[in-house]
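Undergrad: Sharing structure.txt (compact mmCIF, N, CA, C and O atoms) below.
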```txt
# COMPACT_ATOMS: atom_id res chain seq x y z
N SER A 1 1.21 -6.16 -8.03
CA SER A 1 -0.01 -6.89 -7.78
C SER A 1 -0.83 -6.94 -9.06
O SER A 1 -1.67 -6.07 -9.31
N PRO A 2 -0.62 -7.92 -9.91
CA PRO A 2 -1.28 -7.97 -11.21
C PRO A 2 -2.80 -7.92 -11.15
O PRO A 2 -3.43 -7.28 -11.98
N LYS A 3 -3.42 -8.56 -10.17
CA LYS A 3 -4.88 -8.56 -10.10
C LYS A 3 -5.45 -7.19 -9.79
O LYS A 3 -6.49 -6.81 -10.30
N THR A 4 -4.78 -6.43 -8.95
CA THR A 4 -5.32 -5.12 -8.56
C THR A 4 -4.91 -4.03 -9.53
O THR A 4 -5.59 -3.02 -9.63
N ALA A 5 -3.80 -4.18 -10.24
CA ALA A 5 -3.35 -3.15 -11.18
C ALA A 5 -4.37 -2.93 -12.29
O ALA A 5 -4.58 -1.80 -12.74
N ALA A 6 -5.02 -3.98 -12.71
CA ALA A 6 -6.04 -3.86 -13.75
C ALA A 6 -7.22 -3.02 -13.29
O ALA A 6 -7.93 -2.43 -14.10
N LYS A 7 -7.43 -2.92 -11.98
CA LYS A 7 -8.54 -2.14 -11.42
C LYS A 7 -8.08 -0.74 -11.01
O LYS A 7 -8.84 0.00 -10.40
N GLY A 8 -6.83 -0.38 -11.30
CA GLY A 8 -6.33 0.94 -10.98
C GLY A 8 -5.69 1.08 -9.63
O GLY A 8 -5.40 2.18 -9.18
N HIS A 9 -5.44 -0.03 -8.94
CA HIS A 9 -4.80 0.00 -7.62
C HIS A 9 -3.45 -0.70 -7.72
O HIS A 9 -3.32 -1.73 -8.37
N PHE A 10 -2.45 -0.13 -7.04
CA PHE A 10 -1.10 -0.67 -7.16
C PHE A 10 -0.32 -0.40 -5.88
O PHE A 10 -0.57 0.59 -5.19
N PRO A 11 0.65 -1.25 -5.54
CA PRO A 11 1.52 -0.96 -4.40
C PRO A 11 2.61 0.02 -4.82
O PRO A 11 3.05 0.02 -5.97
N ILE A 12 3.01 0.91 -3.92
CA ILE A 12 4.14 1.81 -4.17
C ILE A 12 5.33 1.19 -3.45
O ILE A 12 5.37 1.15 -2.22
N VAL A 13 6.26 0.68 -4.22
CA VAL A 13 7.36 -0.13 -3.70
C VAL A 13 8.65 0.70 -3.62
O VAL A 13 8.97 1.45 -4.54
N ASN A 14 9.39 0.51 -2.55
CA ASN A 14 10.68 1.13 -2.34
C ASN A 14 11.73 0.20 -2.94
O ASN A 14 11.77 -0.99 -2.62
N GLY A 15 12.60 0.70 -3.80
CA GLY A 15 13.58 -0.13 -4.48
C GLY A 15 14.91 -0.28 -3.75
O GLY A 15 15.90 -0.65 -4.37
N SER A 16 14.94 -0.03 -2.44
CA SER A 16 16.20 -0.07 -1.71
C SER A 16 16.54 -1.44 -1.13
O SER A 16 17.45 -1.56 -0.32
N THR A 17 15.83 -2.48 -1.55
CA THR A 17 16.10 -3.82 -1.04
C THR A 17 16.19 -4.81 -2.20
O THR A 17 15.67 -4.55 -3.29
N THR A 18 16.84 -5.93 -1.97
CA THR A 18 16.91 -6.97 -3.00
C THR A 18 15.89 -8.08 -2.74
O THR A 18 15.90 -9.10 -3.42
N ASP A 19 15.02 -7.88 -1.76
CA ASP A 19 13.96 -8.85 -1.46
C ASP A 19 12.80 -8.59 -2.41
O ASP A 19 11.95 -7.74 -2.17
N PHE A 20 12.76 -9.31 -3.52
CA PHE A 20 11.75 -9.07 -4.55
C PHE A 20 10.40 -9.66 -4.19
O PHE A 20 9.38 -9.22 -4.71
N ALA A 21 10.35 -10.64 -3.31
CA ALA A 21 9.07 -11.24 -2.92
C ALA A 21 8.33 -10.35 -1.93
O ALA A 21 7.10 -10.23 -1.99
N HIS A 22 9.07 -9.71 -1.00
CA HIS A 22 8.46 -8.86 0.02
C HIS A 22 9.25 -7.57 0.17
O HIS A 22 9.82 -7.30 1.22
N PRO A 23 9.26 -6.73 -0.87
CA PRO A 23 10.00 -5.46 -0.76
C PRO A 23 9.28 -4.50 0.20
O PRO A 23 8.13 -4.74 0.59
N TYR A 24 9.95 -3.43 0.55
CA TYR A 24 9.30 -2.41 1.37
C TYR A 24 8.30 -1.65 0.50
O TYR A 24 8.57 -1.36 -0.66
N ALA A 25 7.15 -1.31 1.10
CA ALA A 25 6.11 -0.59 0.37
C ALA A 25 5.46 0.44 1.27
O ALA A 25 5.47 0.31 2.50
N MET A 26 4.89 1.48 0.67
CA MET A 26 4.17 2.48 1.43
C MET A 26 2.92 1.85 2.01
O MET A 26 2.13 1.23 1.28
N THR A 27 2.74 1.97 3.32
CA THR A 27 1.65 1.30 4.03
C THR A 27 0.88 2.31 4.86
O THR A 27 1.47 3.11 5.58
N TYR A 28 -0.44 2.26 4.77
CA TYR A 28 -1.32 3.18 5.48
C TYR A 28 -1.84 2.52 6.74
O TYR A 28 -2.37 1.41 6.68
N TYR A 29 -1.71 3.19 7.88
CA TYR A 29 -2.24 2.68 9.14
C TYR A 29 -3.28 3.67 9.65
O TYR A 29 -3.02 4.85 9.75
N GLY A 30 -4.45 3.18 9.96
CA GLY A 30 -5.50 4.05 10.47
C GLY A 30 -6.78 3.91 9.66
O GLY A 30 -6.89 3.08 8.77
N ASP A 31 -7.72 4.77 9.96
CA ASP A 31 -9.02 4.75 9.30
C ASP A 31 -9.03 5.78 8.17
O ASP A 31 -8.93 6.98 8.42
N PRO A 32 -9.15 5.35 6.91
CA PRO A 32 -9.11 6.29 5.79
C PRO A 32 -10.31 7.25 5.77
O PRO A 32 -10.26 8.27 5.11
N CYS A 33 -11.35 6.96 6.51
CA CYS A 33 -12.52 7.84 6.56
C CYS A 33 -12.34 8.97 7.57
O CYS A 33 -13.10 9.93 7.57
N HIS A 34 -11.33 8.87 8.41
CA HIS A 34 -11.08 9.89 9.42
C HIS A 34 -10.46 11.11 8.76
O HIS A 34 -9.53 10.98 7.99
N LYS A 35 -10.94 12.29 9.04
CA LYS A 35 -10.51 13.49 8.32
C LYS A 35 -9.28 14.18 8.90
O LYS A 35 -8.77 15.10 8.31
N HIS A 36 -8.78 13.79 10.05
CA HIS A 36 -7.63 14.44 10.66
C HIS A 36 -6.33 13.86 10.11
O HIS A 36 -6.10 12.66 10.20
N ALA A 37 -5.49 14.70 9.54
CA ALA A 37 -4.24 14.23 8.94
C ALA A 37 -3.34 13.52 9.94
O ALA A 37 -2.64 12.58 9.59
N ALA A 38 -3.35 13.95 11.19
CA ALA A 38 -2.51 13.33 12.21
C ALA A 38 -2.92 11.88 12.48
O ALA A 38 -2.14 11.09 12.99
N ASP A 39 -4.14 11.54 12.14
CA ASP A 39 -4.64 10.18 12.35
C ASP A 39 -4.40 9.27 11.16
O ASP A 39 -4.90 8.15 11.12
N LYS A 40 -3.66 9.75 10.17
CA LYS A 40 -3.43 8.96 8.95
C LYS A 40 -1.94 8.73 8.74
O LYS A 40 -1.36 9.23 7.78
N PRO A 41 -1.30 7.99 9.61
CA PRO A 41 0.13 7.76 9.43
C PRO A 41 0.42 6.83 8.25
O PRO A 41 -0.24 5.82 8.06
N ILE A 42 1.40 7.22 7.47
CA ILE A 42 1.89 6.40 6.37
C ILE A 42 3.29 5.98 6.73
O ILE A 42 4.14 6.81 7.07
N ARG A 43 3.55 4.68 6.65
CA ARG A 43 4.86 4.13 7.03
C ARG A 43 5.34 3.18 5.95
O ARG A 43 4.60 2.78 5.07
N ILE A 44 6.58 2.77 6.09
CA ILE A 44 7.16 1.77 5.20
C ILE A 44 7.09 0.42 5.91
O ILE A 44 7.47 0.30 7.07
N ALA A 45 6.59 -0.61 5.22
CA ALA A 45 6.51 -1.96 5.77
C ALA A 45 6.72 -2.94 4.63
O ALA A 45 6.58 -2.58 3.47
N HIS A 46 7.05 -4.17 4.95
CA HIS A 46 7.22 -5.18 3.90
C HIS A 46 5.89 -5.40 3.18
O HIS A 46 4.83 -5.46 3.80
N LEU A 47 5.95 -5.50 1.86
CA LEU A 47 4.77 -5.80 1.05
C LEU A 47 4.34 -7.23 1.36
O LEU A 47 5.13 -8.16 1.24
N LEU A 48 3.11 -7.40 1.79
CA LEU A 48 2.63 -8.71 2.22
C LEU A 48 1.75 -9.36 1.16
O LEU A 48 1.04 -8.68 0.43
N ASN A 49 1.81 -10.67 1.10
CA ASN A 49 0.99 -11.50 0.21
C ASN A 49 1.15 -11.13 -1.26
O ASN A 49 0.21 -11.22 -2.03
N ASN A 50 2.33 -10.74 -1.63
CA ASN A 50 2.64 -10.39 -3.01
C ASN A 50 2.78 -11.67 -3.84
O ASN A 50 3.38 -12.63 -3.38
N PRO A 51 2.26 -11.76 -5.05
CA PRO A 51 1.57 -10.73 -5.81
C PRO A 51 0.04 -10.85 -5.79
O PRO A 51 -0.64 -9.94 -6.22
N ALA A 52 -0.51 -11.96 -5.35
CA ALA A 52 -1.93 -12.22 -5.56
C ALA A 52 -2.88 -11.47 -4.63
O ALA A 52 -3.93 -11.02 -5.06
N HIS A 53 -2.55 -11.34 -3.36
CA HIS A 53 -3.51 -10.80 -2.39
C HIS A 53 -2.88 -9.74 -1.50
O HIS A 53 -2.87 -9.86 -0.28
N VAL A 54 -2.36 -8.69 -2.11
CA VAL A 54 -1.74 -7.61 -1.36
C VAL A 54 -2.81 -6.94 -0.49
O VAL A 54 -3.93 -6.72 -0.94
N HIS A 55 -2.47 -6.63 0.76
CA HIS A 55 -3.43 -6.02 1.69
C HIS A 55 -3.91 -4.66 1.18
O HIS A 55 -3.16 -3.93 0.55
N ASP A 56 -5.15 -4.33 1.46
CA ASP A 56 -5.75 -3.07 1.02
C ASP A 56 -4.97 -1.85 1.51
O ASP A 56 -4.92 -0.84 0.81
N ASN A 57 -4.38 -1.93 2.70
CA ASN A 57 -3.67 -0.77 3.22
C ASN A 57 -2.32 -0.56 2.54
O ASN A 57 -1.60 0.38 2.85
N GLN A 58 -1.98 -1.45 1.58
CA GLN A 58 -0.76 -1.28 0.81
C GLN A 58 -1.05 -1.04 -0.67
O GLN A 58 -0.15 -1.06 -1.49
N LEU A 59 -2.30 -0.76 -1.00
CA LEU A 59 -2.69 -0.47 -2.38
C LEU A 59 -3.06 0.99 -2.51
O LEU A 59 -3.74 1.57 -1.65
N TRP A 60 -2.66 1.60 -3.59
CA TRP A 60 -2.86 3.02 -3.84
C TRP A 60 -3.46 3.19 -5.23
O TRP A 60 -3.43 2.30 -6.06
N GLY A 61 -3.98 4.35 -5.49
CA GLY A 61 -4.56 4.64 -6.79
C GLY A 61 -4.48 6.13 -7.08
O GLY A 61 -3.93 6.91 -6.33
N VAL A 62 -5.07 6.52 -8.20
CA VAL A 62 -5.05 7.91 -8.64
C VAL A 62 -6.49 8.37 -8.85
O VAL A 62 -7.28 7.65 -9.47
N LEU A 63 -6.81 9.55 -8.35
CA LEU A 63 -8.12 10.13 -8.61
C LEU A 63 -8.08 10.90 -9.92
O LEU A 63 -7.20 11.71 -10.14
N LYS A 64 -9.02 10.63 -10.79
CA LYS A 64 -9.10 11.35 -12.06
C LYS A 64 -10.18 12.42 -11.95
O LYS A 64 -11.28 12.15 -11.51
N LYS A 65 -9.83 13.62 -12.32
CA LYS A 65 -10.80 14.73 -12.24
C LYS A 65 -11.23 15.16 -13.61
O LYS A 65 -10.58 15.08 -14.56
```
Could you write out this file's structure as structure tokens?

TA:
Amino acid sequence: SPKTAAKGHFPIVNGSTTDFAHPYAMTYYGDPCHKHAADKPIRIAHLLNNPAHVHDNQLWGVLKK
């Protein structure tokens, strides 16, 4: 996702498919503000709207301390 990578957000893509337009990516389902780990399922789903408008639940980043 070129537009979001410049802002420090990127999709984490699984390389086990030859579908380069919609590969499998780590996808977050649930409310990120919820503090219970059981309520934060992470699954694999096709990367949607690649490359320009990847969904927020498929973008990840790194916290710098």

Undergrad: Quick one: distance from atom CA of A:Val62 to atom CA of A:Ala5 in Å, one decimal?

TA: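 So the two atoms, atom CA of A:Val62 and atom CA of A:Ala5, lie 11.5 Å apart.
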
Undergrad: Compare A:His55, A:Ile42, A:Asn50, A:Thr4 by their minimum atom-to-atom distance to A:His22, counting all atoms listed in the file, and give me the closest one.

TA: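 Checking each of A:His55, A:Ile42, A:Asn50, A:Thr4 against A:His22, counting all atoms listed in the file, the winner is A:Asn50.
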
Undergrad: Could you check which of A:Leu63, A:Met26, A:Ala45, A:Ala21 is closest to A:Gly8, using all atoms listed in the file?

TA: A:Leu63

Undergrad: Would you list, as a ChimeraX atom specification, the residues of chain A that end up in alpha helix (DSSP H) under DSSP run on this structure's backbone?

TA: /A:2-5

Undergrad: Looking at A:Ala25, A:Gly61, A:Pro51, A:Pro41, which one is nearest to A:Val13, with distances taken over only N, CA, C and O atoms?

TA: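 Looking only at the distances to A:Val13, the closest residue turns out to be A:Ala25.
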
Undergrad: Would you fill out stretch 43-54 of chain A with all heavy atoms and return it as a short mmCIF file (atom, residue, chain, number, x, y, z; two decimals), keeping the file's coordinate frame?

TA:
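Result file is part-v6.cif:
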```cif
data_model
loop_
_atom_site.label_atom_id
_atom_site.label_comp_id
_atom_site.auth_asym_id
_atom_site.auth_seq_id
_atom_site.Cartn_x
_atom_site.Cartn_y
_atom_site.Cartn_z
N ARG A 43 3.55 4.68 6.65
CA ARG A 43 4.86 4.13 7.03
C ARG A 43 5.34 3.18 5.95
O ARG A 43 4.60 2.78 5.07
CB ARG A 43 4.75 3.38 8.35
CG ARG A 43 4.30 4.26 9.49
CD ARG A 43 4.27 3.48 10.78
NE ARG A 43 3.52 4.23 11.77
CZ ARG A 43 2.79 3.68 12.70
NH1 ARG A 43 2.72 2.37 12.80
NH2 ARG A 43 2.13 4.42 13.56
N ILE A 44 6.58 2.77 6.09
CA ILE A 44 7.16 1.77 5.20
C ILE A 44 7.09 0.42 5.91
O ILE A 44 7.47 0.30 7.07
CB ILE A 44 8.62 2.11 4.86
CG1 ILE A 44 8.72 3.48 4.19
CG2 ILE A 44 9.25 1.03 4.00
CD1 ILE A 44 8.02 3.56 2.85
N ALA A 45 6.59 -0.61 5.22
CA ALA A 45 6.51 -1.96 5.77
C ALA A 45 6.72 -2.94 4.63
O ALA A 45 6.58 -2.58 3.47
CB ALA A 45 5.16 -2.20 6.44
N HIS A 46 7.05 -4.17 4.95
CA HIS A 46 7.22 -5.18 3.90
C HIS A 46 5.89 -5.40 3.18
O HIS A 46 4.83 -5.46 3.80
CB HIS A 46 7.69 -6.52 4.49
CG HIS A 46 9.14 -6.52 4.82
ND1 HIS A 46 10.11 -6.64 3.87
CD2 HIS A 46 9.78 -6.41 6.00
CE1 HIS A 46 11.29 -6.61 4.44
NE2 HIS A 46 11.12 -6.47 5.75
N LEU A 47 5.95 -5.50 1.86
CA LEU A 47 4.77 -5.80 1.05
C LEU A 47 4.34 -7.23 1.36
O LEU A 47 5.13 -8.16 1.24
CB LEU A 47 5.11 -5.66 -0.43
CG LEU A 47 3.98 -5.81 -1.41
CD1 LEU A 47 2.93 -4.72 -1.21
CD2 LEU A 47 4.51 -5.75 -2.84
N LEU A 48 3.11 -7.40 1.79
CA LEU A 48 2.63 -8.71 2.22
C LEU A 48 1.75 -9.36 1.16
O LEU A 48 1.04 -8.68 0.43
CB LEU A 48 1.83 -8.56 3.53
CG LEU A 48 2.62 -7.96 4.69
CD1 LEU A 48 1.71 -7.74 5.88
CD2 LEU A 48 3.78 -8.86 5.06
N ASN A 49 1.81 -10.67 1.10
CA ASN A 49 0.99 -11.50 0.21
C ASN A 49 1.15 -11.13 -1.26
O ASN A 49 0.21 -11.22 -2.03
CB ASN A 49 -0.48 -11.43 0.63
CG ASN A 49 -0.70 -11.92 2.03
OD1 ASN A 49 0.00 -12.82 2.49
ND2 ASN A 49 -1.64 -11.34 2.72
N ASN A 50 2.33 -10.74 -1.63
CA ASN A 50 2.64 -10.39 -3.01
C ASN A 50 2.78 -11.67 -3.84
O ASN A 50 3.38 -12.63 -3.38
CB ASN A 50 3.96 -9.61 -3.00
CG ASN A 50 4.33 -9.08 -4.35
OD1 ASN A 50 3.49 -8.70 -5.12
ND2 ASN A 50 5.61 -9.04 -4.62
N PRO A 51 2.26 -11.76 -5.05
CA PRO A 51 1.57 -10.73 -5.81
C PRO A 51 0.04 -10.85 -5.79
O PRO A 51 -0.64 -9.94 -6.22
CB PRO A 51 2.07 -10.97 -7.22
CG PRO A 51 2.19 -12.44 -7.31
CD PRO A 51 2.64 -12.88 -5.91
N ALA A 52 -0.51 -11.96 -5.35
CA ALA A 52 -1.93 -12.22 -5.56
C ALA A 52 -2.88 -11.47 -4.63
O ALA A 52 -3.93 -11.02 -5.06
CB ALA A 52 -2.21 -13.72 -5.47
N HIS A 53 -2.55 -11.34 -3.36
CA HIS A 53 -3.51 -10.80 -2.39
C HIS A 53 -2.88 -9.74 -1.50
O HIS A 53 -2.87 -9.86 -0.28
CB HIS A 53 -4.07 -11.93 -1.52
CG HIS A 53 -4.73 -13.00 -2.30
ND1 HIS A 53 -5.93 -12.83 -2.93
CD2 HIS A 53 -4.34 -14.26 -2.60
CE1 HIS A 53 -6.27 -13.94 -3.56
NE2 HIS A 53 -5.31 -14.82 -3.38
N VAL A 54 -2.36 -8.69 -2.11
CA VAL A 54 -1.74 -7.61 -1.36
C VAL A 54 -2.81 -6.94 -0.49
O VAL A 54 -3.93 -6.72 -0.94
CB VAL A 54 -1.09 -6.58 -2.32
CG1 VAL A 54 -0.56 -5.38 -1.56
CG2 VAL A 54 0.02 -7.25 -3.10
#
```
